[in-house]
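**Q** Before I ask anything, here is the structure I am working with.
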Amino acid sequence: MMIFTLAKRELRSLFLSPLAWAILAIVQFILAYMFLSQLQEFLLVQPKLATLENAPGVTELVIVPLYGSAAFIMMLVSPLLTMRLISEERRNKSLALLLSAPVSMAEIIIGKYLGMLAFAAIMIFMMTLMPLSLYFAGTLDSGLLFTIVLGITLLLAAFLSLGLYMSSLTAQPTIAAMSTFGVLLILWIIDWAGSKTEAAASGLLQYLSMLRHFEAFTKGIFDSSDFIYYLLFISLFLILSIRRLDGDRLQR
Amino acid sequence: MDNKKLLSVKHLSRFYGSLTAVNNISFHLDKGEVLGFLGPNGAGKSSAMQVITGNLAPSTGQINICGYDLLDSAKQAKANIGYLPEQPPLYRELSVNEYLSFCAELNRIEKSKRQAAVERAKDRCGLSQVGKRLINNLSKGYQQRVGIAQAIIHNPAIVVLDEPTVGLDPIQIREIRTLIRELAEDHGVILSTHILPEVQMTCDRVQIINQGQLVYSDDINHLHQRMRSNNIILGLNQAPATSELESLTDIDEVEVLSGSRFRLTHSVETDPAADIALLAAEKNWGLYEIRPESKTLEQVFVELTSGDVIADEAELELDEPTIGASAL
């Protein structure tokens, strides 16, 4: 109950700043451009594809690359969304309002996180309207579309949980944004080091890579281990954030 | 425990590493009382306020709010307390109405009563005209009032105000002081400040904190008495020779301040002001100023901390602190 109050406030504040609108508009514009150019390319090669057996369809050739780019753009955008969550409250000294209210630290963190998730849901809904519009002209691989939307939702949720934690570490939003971006990028490319060698360590690095787990979803595979990876990732950073906020109260 | 006691703090200490911000203080707050927390900057006032309101965990000690222990049953305890920190905790992008309604929700006021609670808080803090405006666009004084409204919206038993009049103009200060007196009618109020007149005007009881320790805790009237000094400031247009003033009855010493102004020191038991005024009129000295000089907070501090003070509350275990005037 209290969680939703906090989530609602967070979402409202987000939409009261131009940032949320700018992000929604720019992301939508870039993705629409990509979507349309992919679609045009598909229409050019479609006659050739028709002659092939087992040819990839519009979902594989248009939708999968679209969400692949979306995932990368989300990595750039989510630090901007989460940077202010706690750091700005700390800087404005408005945290005292929450800390002296009858709410627990966990409620504060989860409330803020849910507010962000709601924004993520809006963003994903907006971009999913594009593939959905193709249903007017034909059919899609609905199962693949479903897993890929699920995949990007989990990926974005994981980004946001990391951003929330980074924001809880500092009183400077820009530092929170920069460190979130840094960590996300590292987690994104961490399997590059492992891909060339066969060492045991590379297996671990590949497991840690956020991209690897997302890729399975883009192939239409719903592997529970990927699902659990994201859930663990999110829970870890939420718990760390709660502990960090509690640390403010204890202070040295 | 006594029902009248809203807050009781026992042996509270708070350390930051090797720095001691609050050192073993104990006090209590009753209903209908304004308790002034007085101290120089950095004395530990704000830390004490933050600990009482649950923003900072105490290093040692017990805090009991309306029968709930702040650490064991934090939610119930916090529900009974309203807190205005030094800097009002505002979401500047919200309007006053939105913000207060969020605060009401945060303090678990039922939906049906929320609107009424917001209206009442706005009413009490003189915010009725600005409900739809963004907090960011309000003046500092109004923002401060929004901060107070936030602290009283859930009608808490205890209201803690940390330097509520800093940065306000004199009219706003007066309004806020009036508001504090009004609040005391049905709440217990803790007011932290470093401004002595504020305490004199609003508080029933005063506690002086210095370097983390309570050095004084008494009724406000006793502080008034303590602040009276045995000096009179006298301003005369046609001043007689200093020796003539010195020869007056009960005057021990005369100090020339600036040409026509004098500081007369008289013996403690007497008050020769009336006699001097009469004499000045008689001899046509051109009297334009005569007033008893009261001690400044610094002087009271030095006096309080110089070793001749015994706090009248037996439960306060005070160490004699040592400070110099430079610490003020």
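Naming scheme: A, B, ... for chains in displayed order of the structure tokens; residues 1 onward per chain; ligands 1 onward as shown.
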Show me, as a tab-separated table, the residues of stretch 48-93 of chain B having an atom within 12 Å of stretch 104-119 of chain A, each with the closest atom pair and its distance in Å, using only C-alpha atoms.

**A**
```
residue	atom	partner	partner_atom	distance
B:Gly54	CA	A:Ser104	CA	11.1
B:Asn55	CA	A:Met105	CA	11.2
B:Leu71	CA	A:Ser104	CA	12.0
B:Ser73	CA	A:Ser104	CA	11.0
B:Ala74	CA	A:Ser104	CA	8.6
B:Lys75	CA	A:Ser104	CA	7.6
B:Gln76	CA	A:Ser104	CA	11.4
B:Lys78	CA	A:Ser104	CA	10.5
B:Ala79	CA	A:Ser104	CA	12.0
```

**Q** Export, as an mmCIF file, in the first residue's frame, the selected residues with N, CA and C atoms.

**A**
```
data_model
loop_
_atom_site.group_PDB
_atom_site.id
_atom_site.type_symbol
_atom_site.label_atom_id
_atom_site.label_comp_id
_atom_site.auth_asym_id
_atom_site.auth_seq_id
_atom_site.Cartn_x
_atom_site.Cartn_y
_atom_site.Cartn_z
ATOM 1 N N GLY B 54 14.272 9.521 14.346
ATOM 2 C CA GLY B 54 14.543 8.274 13.648
ATOM 3 C C GLY B 54 15.318 8.437 12.362
ATOM 4 N N ASN B 55 15.851 9.628 12.103
ATOM 5 C CA ASN B 55 16.659 9.815 10.903
ATOM 6 C C ASN B 55 18.085 9.345 11.101
ATOM 7 N N LEU B 71 13.264 2.315 18.519
ATOM 8 C CA LEU B 71 14.005 1.291 17.783
ATOM 9 C C LEU B 71 13.194 0.010 17.633
ATOM 10 N N SER B 73 9.710 -0.484 17.997
ATOM 11 C CA SER B 73 8.494 -0.338 17.187
ATOM 12 C C SER B 73 8.548 1.005 16.477
ATOM 13 N N ALA B 74 9.439 1.057 15.493
ATOM 14 C CA ALA B 74 9.735 2.318 14.824
ATOM 15 C C ALA B 74 8.507 2.925 14.157
ATOM 16 N N LYS B 75 7.685 2.075 13.527
ATOM 17 C CA LYS B 75 6.570 2.631 12.763
ATOM 18 C C LYS B 75 5.564 3.346 13.662
ATOM 19 N N GLN B 76 5.188 2.681 14.766
ATOM 20 C CA GLN B 76 4.222 3.312 15.669
ATOM 21 C C GLN B 76 4.801 4.578 16.277
ATOM 22 N N LYS B 78 7.150 6.527 15.002
ATOM 23 C CA LYS B 78 7.273 7.595 14.005
ATOM 24 C C LYS B 78 5.919 8.191 13.631
ATOM 25 N N ALA B 79 4.867 7.377 13.758
ATOM 26 C CA ALA B 79 3.538 7.889 13.433
ATOM 27 C C ALA B 79 3.137 9.007 14.385
#
```

**Q** Output as an MDAnalysis selection string the set of chain B residues within 9 Å of chain A, with distances taken over only C-alpha atoms.

**A** chainID B and resid 15:17 50:51 53:59 74:85 87:91 93:94 102:103 105:108 150:151

**Q** Limited to C-alpha atoms, could you put the picked residues into a file as a CSV table (one decimal), in the first residue's frame?

**A**
```csv
chain,number,residue,atom,x,y,z
B,15,PHE,CA,29.1,9.3,17.9
B,16,TYR,CA,30.5,9.9,14.4
B,17,GLY,CA,33.7,8.0,14.5
B,50,GLN,CA,17.6,13.6,13.9
B,51,VAL,CA,18.0,10.8,16.5
B,53,THR,CA,12.9,11.5,14.8
B,54,GLY,CA,14.5,8.3,13.6
B,55,ASN,CA,16.7,9.8,10.9
B,56,LEU,CA,19.8,8.8,12.7
B,57,ALA,CA,20.3,5.7,14.8
B,58,PRO,CA,21.5,6.5,18.4
B,59,SER,CA,24.8,5.0,19.4
B,74,ALA,CA,9.7,2.3,14.8
B,75,LYS,CA,6.6,2.6,12.8
B,76,GLN,CA,4.2,3.3,15.7
B,77,ALA,CA,6.7,5.7,17.2
B,78,LYS,CA,7.3,7.6,14.0
B,79,ALA,CA,3.5,7.9,13.4
B,80,ASN,CA,3.4,10.0,16.6
B,81,ILE,CA,6.1,12.5,15.5
B,82,GLY,CA,6.2,15.2,13.0
B,83,TYR,CA,9.6,16.6,11.9
B,84,LEU,CA,10.8,19.7,10.2
B,85,PRO,CA,14.5,19.4,9.5
B,87,GLN,CA,16.1,22.3,5.4
B,88,PRO,CA,12.5,21.6,4.7
B,89,PRO,CA,12.2,18.2,2.9
B,90,LEU,CA,10.2,19.3,-0.1
B,91,TYR,CA,9.6,17.9,-3.5
B,93,GLU,CA,8.3,19.9,-8.6
B,94,LEU,CA,4.9,19.2,-6.8
B,102,PHE,CA,1.4,12.8,-0.5
B,103,CYS,CA,2.6,13.5,3.0
B,105,GLU,CA,-0.8,9.4,2.5
B,106,LEU,CA,2.7,8.6,3.7
B,107,ASN,CA,1.5,9.1,7.2
B,108,ARG,CA,-1.3,6.6,6.6
B,150,GLN,CA,4.1,18.6,6.5
B,151,ALA,CA,5.2,18.1,10.0
```

**Q** May I have all residues of stretch 91-145 of chain B that DSSP, computed from the backbone, assigns to helix (DSSP H, G or I), given as a VMD selection string?

**A** chain B and resid 96 to 106 111 to 124 128 to 130 135 to 137 140 to 145

**Q** If you count only C-alpha atoms, which residues fall within 12 Å of A:Pro47, apart from same-chain ones fewer than 6 positions away, as a PyMOL selection string?

**A** chain A and resi 41+55+57

**Q** Please indicate the distance in Å from atom CA of A:Arg91 to atom CA of B:Pro170, rounded to one decimal place.

**A**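 Those two atoms sit 28.3 Å apart.
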
**Q** For stretch 250-256 of chain B, find every residue with an atom within 9 Å (counting only C-alpha atoms), except residues of its own chain fewer than 3 positions away, and show them as a PyMOL selection string.

**A** chain B and resi 242-243+245-247+259-267+270-272

**Q** Near A:Ile122, within 12 Å and counting only C-alpha atoms, which residues show up once chain neighbours fewer than 4 positions away are dropped, as an mmCIF file with C-alpha atoms, in the first residue's frame?

**A**
```
data_model
loop_
_atom_site.group_PDB
_atom_site.id
_atom_site.type_symbol
_atom_site.label_atom_id
_atom_site.label_comp_id
_atom_site.auth_asym_id
_atom_site.auth_seq_id
_atom_site.Cartn_x
_atom_site.Cartn_y
_atom_site.Cartn_z
ATOM 1 C CA LEU A 11 6.366 8.346 -11.405
ATOM 2 C CA PHE A 15 6.674 13.066 -15.605
ATOM 3 C CA ALA A 20 10.812 11.634 -18.944
ATOM 4 C CA TRP A 21 9.066 13.156 -21.924
ATOM 5 C CA ILE A 23 13.437 10.197 -23.153
ATOM 6 C CA LEU A 24 10.138 8.772 -24.350
ATOM 7 C CA ALA A 25 10.131 10.963 -27.448
ATOM 8 C CA VAL A 27 13.727 6.682 -27.832
ATOM 9 C CA GLN A 28 10.525 6.378 -29.820
ATOM 10 C CA GLY A 115 7.810 3.758 -9.882
ATOM 11 C CA MET A 116 10.713 3.209 -12.253
ATOM 12 C CA LEU A 117 9.297 -0.117 -13.419
ATOM 13 C CA ALA A 118 6.052 1.609 -14.284
ATOM 14 C CA MET A 126 5.330 2.356 -26.695
ATOM 15 C CA MET A 127 7.992 0.494 -28.617
ATOM 16 C CA THR A 128 5.910 -2.666 -28.842
ATOM 17 C CA LEU A 129 3.171 -0.742 -30.606
ATOM 18 C CA THR A 153 11.388 -6.058 -19.746
ATOM 19 C CA LEU A 156 15.439 -3.077 -18.356
#
```

**Q** Please indicate the distance in Å from atom CA of A:Ser78 to atom CA of A:Leu145, rounded to one decimal place.

**A**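 Separating atom CA of A:Ser78 from atom CA of A:Leu145 is a distance of 22.5 Å.
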
**Q** Determine which residues of stretch 27-187 of chain B receive a DSSP assignment of strand (DSSP E), computed from the backbone, and state them as a list in words.

**A**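 Matching residues, listed in order: Phe27, His28, Leu29, Asp30, Val34, Leu35, Gly36, Phe37, Leu38, Thr60, Gly61, Gln62, Ile63, Asn64, Ile65, Tyr68, Asp69, Ile81, Gly82, Tyr83, Leu84, Ile158, Val159, Val160, Leu161 and Asp162 of chain B.
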
**Q** Hey, can you check how far atom CA of A:Tyr165 sits from atom CA of A:Arg84?

**A** 11.0 Å

**Q** Show which residues sit within 10 Å of B:Gly126, as a PyMOL selection string. Count only C-alpha atoms, and ignore same-chain residues fewer than 2 positions away.

**A** chain B and resi 120-124+128-130+142+145-146+149+175-176+179

**Q** I need the residues from that last selection saved to file as a tab-separated table (two decimals), in the first residue's frame (with all heavy atoms), if you can.

**A**
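The resulting result_4.tsv:
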```tsv
chain	number	residue	atom	x	y	z
B	120	ARG	N	-6.72	21.35	6.70
B	120	ARG	CA	-6.47	21.84	8.05
B	120	ARG	C	-5.01	22.29	8.20
B	120	ARG	O	-4.74	23.35	8.75
B	120	ARG	CB	-6.77	20.74	9.06
B	120	ARG	CG	-7.12	21.26	10.45
B	120	ARG	CD	-6.98	20.16	11.43
B	120	ARG	NE	-5.77	19.43	11.04
B	120	ARG	CZ	-5.46	18.24	11.49
B	120	ARG	NH1	-6.21	17.63	12.31
B	120	ARG	NH2	-4.35	17.65	11.10
B	121	ALA	N	-4.11	21.50	7.66
B	121	ALA	CA	-2.69	21.86	7.76
B	121	ALA	C	-2.41	23.16	7.01
B	121	ALA	O	-1.68	24.02	7.50
B	121	ALA	CB	-1.82	20.73	7.22
B	122	LYS	N	-3.03	23.29	5.84
B	122	LYS	CA	-2.83	24.51	5.06
B	122	LYS	C	-3.37	25.71	5.82
B	122	LYS	O	-2.76	26.77	5.86
B	122	LYS	CB	-3.55	24.41	3.71
B	122	LYS	CG	-2.76	23.66	2.67
B	122	LYS	CD	-3.27	23.94	1.28
B	122	LYS	CE	-4.73	23.62	1.09
B	122	LYS	NZ	-5.19	23.80	-0.28
B	123	ASP	N	-4.52	25.50	6.41
B	123	ASP	CA	-5.18	26.55	7.16
B	123	ASP	C	-4.31	27.03	8.31
B	123	ASP	O	-4.10	28.22	8.50
B	123	ASP	CB	-6.50	25.98	7.70
B	123	ASP	CG	-7.52	27.07	7.83
B	123	ASP	OD1	-7.58	27.90	6.91
B	123	ASP	OD2	-8.25	27.07	8.84
B	124	ARG	N	-3.77	26.09	9.03
B	124	ARG	CA	-2.98	26.44	10.21
B	124	ARG	C	-1.70	27.17	9.83
B	124	ARG	O	-1.19	27.98	10.59
B	124	ARG	CB	-2.61	25.18	10.99
B	124	ARG	CG	-3.81	24.48	11.58
B	124	ARG	CD	-3.39	23.53	12.64
B	124	ARG	NE	-3.14	24.23	13.88
B	124	ARG	CZ	-3.06	23.62	15.05
B	124	ARG	NH1	-3.20	22.33	15.12
B	124	ARG	NH2	-2.83	24.30	16.14
B	128	SER	N	-3.51	28.59	2.57
B	128	SER	CA	-4.75	28.36	1.80
B	128	SER	C	-4.70	29.01	0.42
B	128	SER	O	-5.29	28.50	-0.53
B	128	SER	CB	-5.94	28.91	2.58
B	128	SER	OG	-5.94	28.34	3.87
B	129	GLN	N	-3.99	30.13	0.32
B	129	GLN	CA	-3.99	30.87	-0.96
B	129	GLN	C	-3.06	30.24	-1.99
B	129	GLN	O	-3.16	30.55	-3.17
B	129	GLN	CB	-3.55	32.33	-0.72
B	129	GLN	CG	-4.40	33.07	0.28
B	129	GLN	CD	-5.84	33.19	-0.16
B	129	GLN	OE1	-6.11	33.46	-1.33
B	129	GLN	NE2	-6.76	32.94	0.75
B	130	VAL	N	-2.12	29.44	-1.55
B	130	VAL	CA	-1.07	29.00	-2.48
B	130	VAL	C	-1.15	27.51	-2.80
B	130	VAL	O	-0.21	26.95	-3.35
B	130	VAL	CB	0.34	29.33	-1.92
B	130	VAL	CG1	0.52	30.81	-1.78
B	130	VAL	CG2	0.59	28.64	-0.59
B	142	TYR	N	7.33	30.83	2.58
B	142	TYR	CA	6.22	29.91	2.31
B	142	TYR	C	6.70	28.47	2.26
B	142	TYR	O	6.02	27.56	2.72
B	142	TYR	CB	5.53	30.30	1.00
B	142	TYR	CG	4.42	31.29	1.20
B	142	TYR	CD1	4.56	32.62	0.86
B	142	TYR	CD2	3.22	30.88	1.79
B	142	TYR	CE1	3.55	33.54	1.08
B	142	TYR	CE2	2.20	31.78	2.01
B	142	TYR	CZ	2.37	33.11	1.65
B	142	TYR	OH	1.36	34.00	1.88
B	145	ARG	N	6.84	27.27	5.60
B	145	ARG	CA	5.51	26.94	6.13
B	145	ARG	C	5.01	25.60	5.59
B	145	ARG	O	4.34	24.85	6.30
B	145	ARG	CB	4.51	28.01	5.70
B	145	ARG	CG	4.76	29.32	6.39
B	145	ARG	CD	3.57	30.17	6.15
B	145	ARG	NE	3.95	31.57	6.06
B	145	ARG	CZ	3.05	32.53	6.01
B	145	ARG	NH1	1.77	32.24	6.02
B	145	ARG	NH2	3.44	33.78	5.95
B	146	VAL	N	5.33	25.33	4.33
B	146	VAL	CA	4.95	24.03	3.78
B	146	VAL	C	5.64	22.93	4.59
B	146	VAL	O	5.05	21.89	4.90
B	146	VAL	CB	5.32	23.91	2.29
B	146	VAL	CG1	4.99	22.54	1.75
B	146	VAL	CG2	4.59	24.96	1.48
B	149	ALA	N	3.72	22.55	7.71
B	149	ALA	CA	2.44	21.89	7.41
B	149	ALA	C	2.65	20.39	7.28
B	149	ALA	O	1.86	19.58	7.76
B	149	ALA	CB	1.86	22.45	6.12
B	175	GLU	N	5.07	35.35	12.62
B	175	GLU	CA	3.94	34.45	12.32
B	175	GLU	C	4.25	33.02	12.72
B	175	GLU	O	3.42	32.33	13.29
B	175	GLU	CB	3.61	34.51	10.83
B	175	GLU	CG	2.88	35.77	10.43
B	175	GLU	CD	2.81	35.93	8.93
B	175	GLU	OE1	3.37	35.09	8.20
B	175	GLU	OE2	2.18	36.89	8.49
B	176	ILE	N	5.48	32.61	12.42
B	176	ILE	CA	5.85	31.23	12.74
B	176	ILE	C	5.90	31.04	14.24
B	176	ILE	O	5.48	30.00	14.77
B	176	ILE	CB	7.18	30.89	12.06
B	176	ILE	CG1	6.95	30.93	10.57
B	176	ILE	CG2	7.72	29.55	12.55
B	176	ILE	CD1	7.56	29.90	9.74
B	179	LEU	N	2.50	30.60	15.41
B	179	LEU	CA	2.05	29.26	15.04
B	179	LEU	C	2.58	28.22	16.02
B	179	LEU	O	1.85	27.32	16.44
B	179	LEU	CB	2.53	28.95	13.62
B	179	LEU	CG	2.21	27.55	13.08
B	179	LEU	CD1	0.71	27.38	12.98
B	179	LEU	CD2	2.84	27.34	11.73
```

**Q** Can you tell me, as a list in words, what residues are no more than 7 Å from A:Ser168 when counting only C-alpha atoms, ignoring any on the same chain fewer than 5 positions away?

**A** Ile86, Ser87, Ser241, Arg244 and Leu245 of chain A

**Q** Between A:Ala177, A:Leu150, A:Leu39, A:Ala158, which residue has the minimum interatomic distance to A:Phe217, considering only C-alpha atoms?

**A**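 Of A:Ala177, A:Leu150, A:Leu39, A:Ala158, the one nearest A:Phe217, counting only C-alpha atoms, is A:Leu150.
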